[in-house]
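S.K.: Below you'll find the structure I mean.
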Amino acid sequence: MRYYISIAALLLSVVVMAQTDLTAPDLHRTTYISPYYFGPNAFPVPDMSDGTVSADLRLELAGDYYLGFQKDQTADLFLRLNVPLFTDRVNLSLWMPVVEGYWNTLERQRTCRLQDTVRMTGYEFGDVYVSTDIQVLKQKKYLPDFVLRAAIKSASGGGWPNARNYDCPGYFFDGTLAKSIYFKHGFFQELRFAGSAGFLCWQTDNGRQNDAVMYGAQLKLLTSCFSLAQVFTGYVGWENNPSPVKDAHDRPMTLKTNIMGYIKNWEILFTYQYGIKDYPFHQFRLGVAYKWDMLSAIEAYKQKKTNH
């Protein structure tokens, strides 16, 4: 019971306040509060789960480079932390683009509906994301892995006047089903299939919110020294309908390749992501992560203390 009480307390303890002024809702006016009209870190398609949660304390530090389809550029420092909560079935995840530097072009500024006089270069701090990830089912012979995730996004990111971040909160819920085929011995160890669906919501600038259906599919190959994953993800907002709004561009779709090498407790990762629709960026990520078996260390400490 304490696990579920702690999870609920964590979710309720995070308060996200909107800083955008609210006006009367106008469902016939495009808000332009969508990924297409902002920087790549404003509200990207969330990373898809592979159907497992981190049983280890994991710290990831990476650098991102985004090349926009209109020759704009963004570089950032990315941080992610996974903390197991009492059990290997639940963890708390925090991630954020800590700070980004950007170089716009006139073409991109006009697409974002900015004046030519707005500064074309600068830096901004990013939003903080917090999620609780719960391993509801673990794979058995006929049973798949199943992970539920609930996440919120802060309104702390800067650069609203320059279309870098939304000055509004957001949240999402999703579930991932996954199943693995294991190889007996040798270099290749596991082939994993995963599919996800969820709901994503963010506040817009005129007193309403945009609700979106999330989707994703993943194929992952694990070997004795590295893993390779191909991920197809996106979400479908309600504003970009034939009527009344035609140019909301709130249906981003992406294709991502993840490569991760393993050296003891260390992971070296590389990611390339291509925006198929409504996310006009190429993303390149290079990073490193360290994992520590915190739960085993705590159990060993308790056992040692009991013996003494």
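Going by the structure tokens order, chains are called A, B, ..., each with residues numbered from 1, while ligands are numbered from 1 in the order shown.
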Can you tell me which residues surround Val136 (chain A) at a distance of at most 7 Å, considering only C-alpha atoms, apart from same-chain residues fewer than 5 positions away, and format the answer as a PyMOL selection string?
M.R.: chain A and resi 146-148
S.K.: Mind dumping the selected residues with N, CA and C atoms as an mmCIF file, in the first residue's frame?
M.R.:
data_model
loop_
_atom_site.group_PDB
_atom_site.id
_atom_site.type_symbol
_atom_site.label_atom_id
_atom_site.label_comp_id
_atom_site.auth_asym_id
_atom_site.auth_seq_id
_atom_site.Cartn_x
_atom_site.Cartn_y
_atom_site.Cartn_z
ATOM 1 N N PHE A 146 3.758 -4.599 -19.650
ATOM 2 C CA PHE A 146 2.834 -3.473 -19.780
ATOM 3 C C PHE A 146 3.242 -2.394 -18.792
ATOM 4 N N VAL A 147 3.511 -1.193 -19.308
ATOM 5 C CA VAL A 147 3.939 -0.058 -18.492
ATOM 6 C C VAL A 147 2.959 1.098 -18.654
ATOM 7 N N LEU A 148 2.530 1.653 -17.530
ATOM 8 C CA LEU A 148 1.722 2.863 -17.513
ATOM 9 C C LEU A 148 2.604 4.034 -17.103
#
S.K.: Contacts between region 266-284 of chain A and region 87-132 of chain A, please, where a residue of region 87-132 of chain A counts if it comes within 12 Å (with only C-alpha atoms); show its shortest atom pair and distance in Å to one decimal, rows by chain and ascending number, as a tab-separated table.
M.R.:
residue	atom	partner	partner_atom	distance
A:Arg108	CA	A:Pro280	CA	10.1
A:Thr111	CA	A:Pro280	CA	11.0
A:Cys112	CA	A:Pro280	CA	11.7
S.K.: Write the residues you've just listed into a file as a compact mmCIF listing (two decimals), in the first residue's frame, and include N, CA, C and O atoms for each of them.
M.R.:
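Dumped everything to result.txt:
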# COMPACT_ATOMS: atom_id res chain seq x y z
N ARG A 108 12.54 30.98 -41.21
CA ARG A 108 11.96 30.31 -40.06
C ARG A 108 11.18 31.29 -39.18
O ARG A 108 10.10 30.98 -38.66
N THR A 111 7.86 31.87 -40.70
CA THR A 111 7.00 30.70 -40.49
C THR A 111 6.41 30.71 -39.09
O THR A 111 5.24 30.38 -38.88
N CYS A 112 7.22 31.12 -38.11
CA CYS A 112 6.77 31.19 -36.72
C CYS A 112 5.97 32.46 -36.43
O CYS A 112 5.63 32.72 -35.27
S.K.: Between A:His249, A:His185, A:Arg113, A:Arg89, which one has atoms that come closest to Asp145 (chain A), using only C-alpha atoms?
M.R.: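 Result for the nearest residue to Asp145 (chain A): A:Arg89.
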S.K.: Find the spatial neighbours of region 40-46 of chain A, counting only C-alpha atoms, within a cut-off of 6 Å - ignore same-chain residues fewer than 5 positions away - and output them as a ChimeraX atom specification.
M.R.: /A:35,165-166,234
S.K.: Just the selected residues (C-alpha atoms), exported as a JSON list (two decimals), in the first residue's frame, please.
M.R.:
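Contents of selection.json, freshly written:
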[["chain", "number", "residue", "atom", "x", "y", "z"],
["A", 35, "PRO", "CA", 5.28, 22.10, -32.48],
["A", 165, "ASN", "CA", 9.04, 27.43, -25.60],
["A", 166, "TYR", "CA", 5.35, 27.38, -24.71],
["A", 234, "GLY", "CA", 3.54, 10.98, -32.96]]
S.K.: Write out as a ChimeraX atom specification the set of residues from region 224-282 of chain A that DSSP, computed on the backbone, places in strand (DSSP E).
M.R.: /A:226-237,253-263,266-277,281-282
S.K.: Go ahead and write the residues just picked, N, CA and C atoms, as a compact mmCIF listing (two decimals), in the first residue's frame.
M.R.:
# COMPACT_ATOMS: atom_id res chain seq x y z
N PHE A 226 25.45 -4.05 -27.52
CA PHE A 226 24.74 -2.83 -27.90
C PHE A 226 23.29 -3.17 -28.24
N SER A 227 22.47 -2.12 -28.35
CA SER A 227 21.08 -2.29 -28.79
C SER A 227 20.81 -1.30 -29.92
N LEU A 228 19.88 -1.69 -30.80
CA LEU A 228 19.48 -0.86 -31.93
C LEU A 228 17.96 -0.84 -31.97
N ALA A 229 17.37 0.35 -31.98
CA ALA A 229 15.92 0.48 -31.96
C ALA A 229 15.45 1.44 -33.05
N GLN A 230 14.36 1.08 -33.71
CA GLN A 230 13.69 1.95 -34.66
C GLN A 230 12.32 2.28 -34.09
N VAL A 231 12.04 3.59 -33.96
CA VAL A 231 10.84 4.03 -33.25
C VAL A 231 10.03 4.98 -34.14
N PHE A 232 8.74 4.70 -34.25
CA PHE A 232 7.81 5.55 -35.00
C PHE A 232 6.79 6.09 -34.01
N THR A 233 6.76 7.42 -33.81
CA THR A 233 5.88 8.01 -32.80
C THR A 233 5.26 9.31 -33.31
N GLY A 234 4.19 9.71 -32.64
CA GLY A 234 3.54 10.98 -32.96
C GLY A 234 2.31 11.20 -32.10
N TYR A 235 1.65 12.30 -32.36
CA TYR A 235 0.35 12.54 -31.73
C TYR A 235 -0.51 13.37 -32.67
N VAL A 236 -1.83 13.29 -32.45
CA VAL A 236 -2.81 13.91 -33.34
C VAL A 236 -3.66 14.88 -32.52
N GLY A 237 -3.44 16.19 -32.69
CA GLY A 237 -4.24 17.19 -32.01
C GLY A 237 -5.58 17.39 -32.67
N MET A 253 4.70 13.90 -36.43
CA MET A 253 4.99 12.49 -36.66
C MET A 253 6.49 12.37 -36.86
N THR A 254 7.13 11.43 -36.14
CA THR A 254 8.59 11.34 -36.21
C THR A 254 9.06 9.90 -36.37
N LEU A 255 10.24 9.74 -36.93
CA LEU A 255 10.91 8.45 -37.06
C LEU A 255 12.28 8.59 -36.42
N LYS A 256 12.58 7.69 -35.48
CA LYS A 256 13.79 7.83 -34.67
C LYS A 256 14.59 6.53 -34.66
N THR A 257 15.92 6.67 -34.75
CA THR A 257 16.85 5.55 -34.62
C THR A 257 17.69 5.74 -33.37
N ASN A 258 17.68 4.75 -32.47
CA ASN A 258 18.46 4.80 -31.24
C ASN A 258 19.51 3.70 -31.25
N ILE A 259 20.76 4.06 -31.00
CA ILE A 259 21.85 3.09 -30.86
C ILE A 259 22.47 3.29 -29.49
N MET A 260 22.62 2.20 -28.72
CA MET A 260 23.16 2.31 -27.37
C MET A 260 24.18 1.21 -27.14
N GLY A 261 25.40 1.60 -26.76
CA GLY A 261 26.46 0.64 -26.43
C GLY A 261 26.59 0.49 -24.93
N TYR A 262 26.99 -0.72 -24.48
CA TYR A 262 27.08 -1.02 -23.05
C TYR A 262 28.52 -1.36 -22.67
N ILE A 263 29.02 -0.68 -21.64
CA ILE A 263 30.34 -0.96 -21.08
C ILE A 263 30.20 -0.97 -19.56
N TRP A 266 28.12 1.64 -17.72
CA TRP A 266 28.02 2.81 -18.58
C TRP A 266 27.27 2.49 -19.86
N GLU A 267 26.57 3.50 -20.38
CA GLU A 267 25.89 3.41 -21.67
C GLU A 267 26.31 4.59 -22.53
N ILE A 268 26.63 4.33 -23.76
CA ILE A 268 26.95 5.38 -24.74
C ILE A 268 25.84 5.36 -25.78
N LEU A 269 25.20 6.50 -26.02
CA LEU A 269 24.02 6.51 -26.86
C LEU A 269 24.12 7.53 -28.00
N PHE A 270 23.51 7.15 -29.12
CA PHE A 270 23.39 8.05 -30.27
C PHE A 270 21.97 7.94 -30.80
N THR A 271 21.38 9.09 -31.14
CA THR A 271 20.01 9.14 -31.66
C THR A 271 19.95 10.04 -32.88
N TYR A 272 19.22 9.58 -33.87
CA TYR A 272 18.85 10.45 -34.99
C TYR A 272 17.34 10.41 -35.14
N GLN A 273 16.71 11.58 -35.21
CA GLN A 273 15.27 11.68 -35.37
C GLN A 273 14.93 12.58 -36.55
N TYR A 274 13.98 12.11 -37.34
CA TYR A 274 13.53 12.87 -38.51
C TYR A 274 12.06 13.22 -38.34
N GLY A 275 11.73 14.49 -38.52
CA GLY A 275 10.34 14.93 -38.41
C GLY A 275 9.61 14.70 -39.73
N ILE A 276 8.75 13.69 -39.76
CA ILE A 276 8.01 13.36 -40.98
C ILE A 276 6.95 14.42 -41.27
N LYS A 277 6.30 14.90 -40.21
CA LYS A 277 5.19 15.84 -40.38
C LYS A 277 5.10 16.75 -39.16
N PHE A 281 12.35 19.30 -38.15
CA PHE A 281 13.72 19.27 -37.64
C PHE A 281 14.35 17.89 -37.86
N HIS A 282 15.68 17.92 -38.06
CA HIS A 282 16.53 16.75 -37.90
C HIS A 282 17.15 16.86 -36.50
S.K.: Could you pull out the helix (DSSP H, G or I) residues of region 94-198 of chain A, going by DSSP on the backbone, and write them as JSON, numbers by chain?
M.R.: {"A": [106, 107, 108, 109, 110, 111, 160, 161, 162]}
S.K.: Find the residue from A:Asp47, A:Glu190, A:Asp76, A:Asp133 that sits nearest to Ala62 (chain A); use only C-alpha atoms when measuring.
M.R.: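 Closest to Ala62 (chain A), using only C-alpha atoms: A:Asp76.
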S.K.: For each of A:Asn104, A:Asn210, A:Gln139, A:Ser131, take the minimum atom-to-atom distance to Val83 (chain A), counting only C-alpha atoms, then give the residue where this is smallest.
M.R.: A:Ser131
S.K.: Could you list, as a PyMOL selection string, every residue within 12 Å of Leu106 (chain A), counting only C-alpha atoms and ignoring same-chain residues fewer than 3 positions away?
M.R.: chain A and resi 70-72+103+109-121
S.K.: Mind pulling up the distance from CA of Asp293 (chain A) to CA of Gln135 (chain A)?
M.R.: 17.5 Å
S.K.: Suppose you want the space between CA of Thr223 (chain A) and CA of Arg58 (chain A); what is it in Å?
M.R.: 20.3 Å
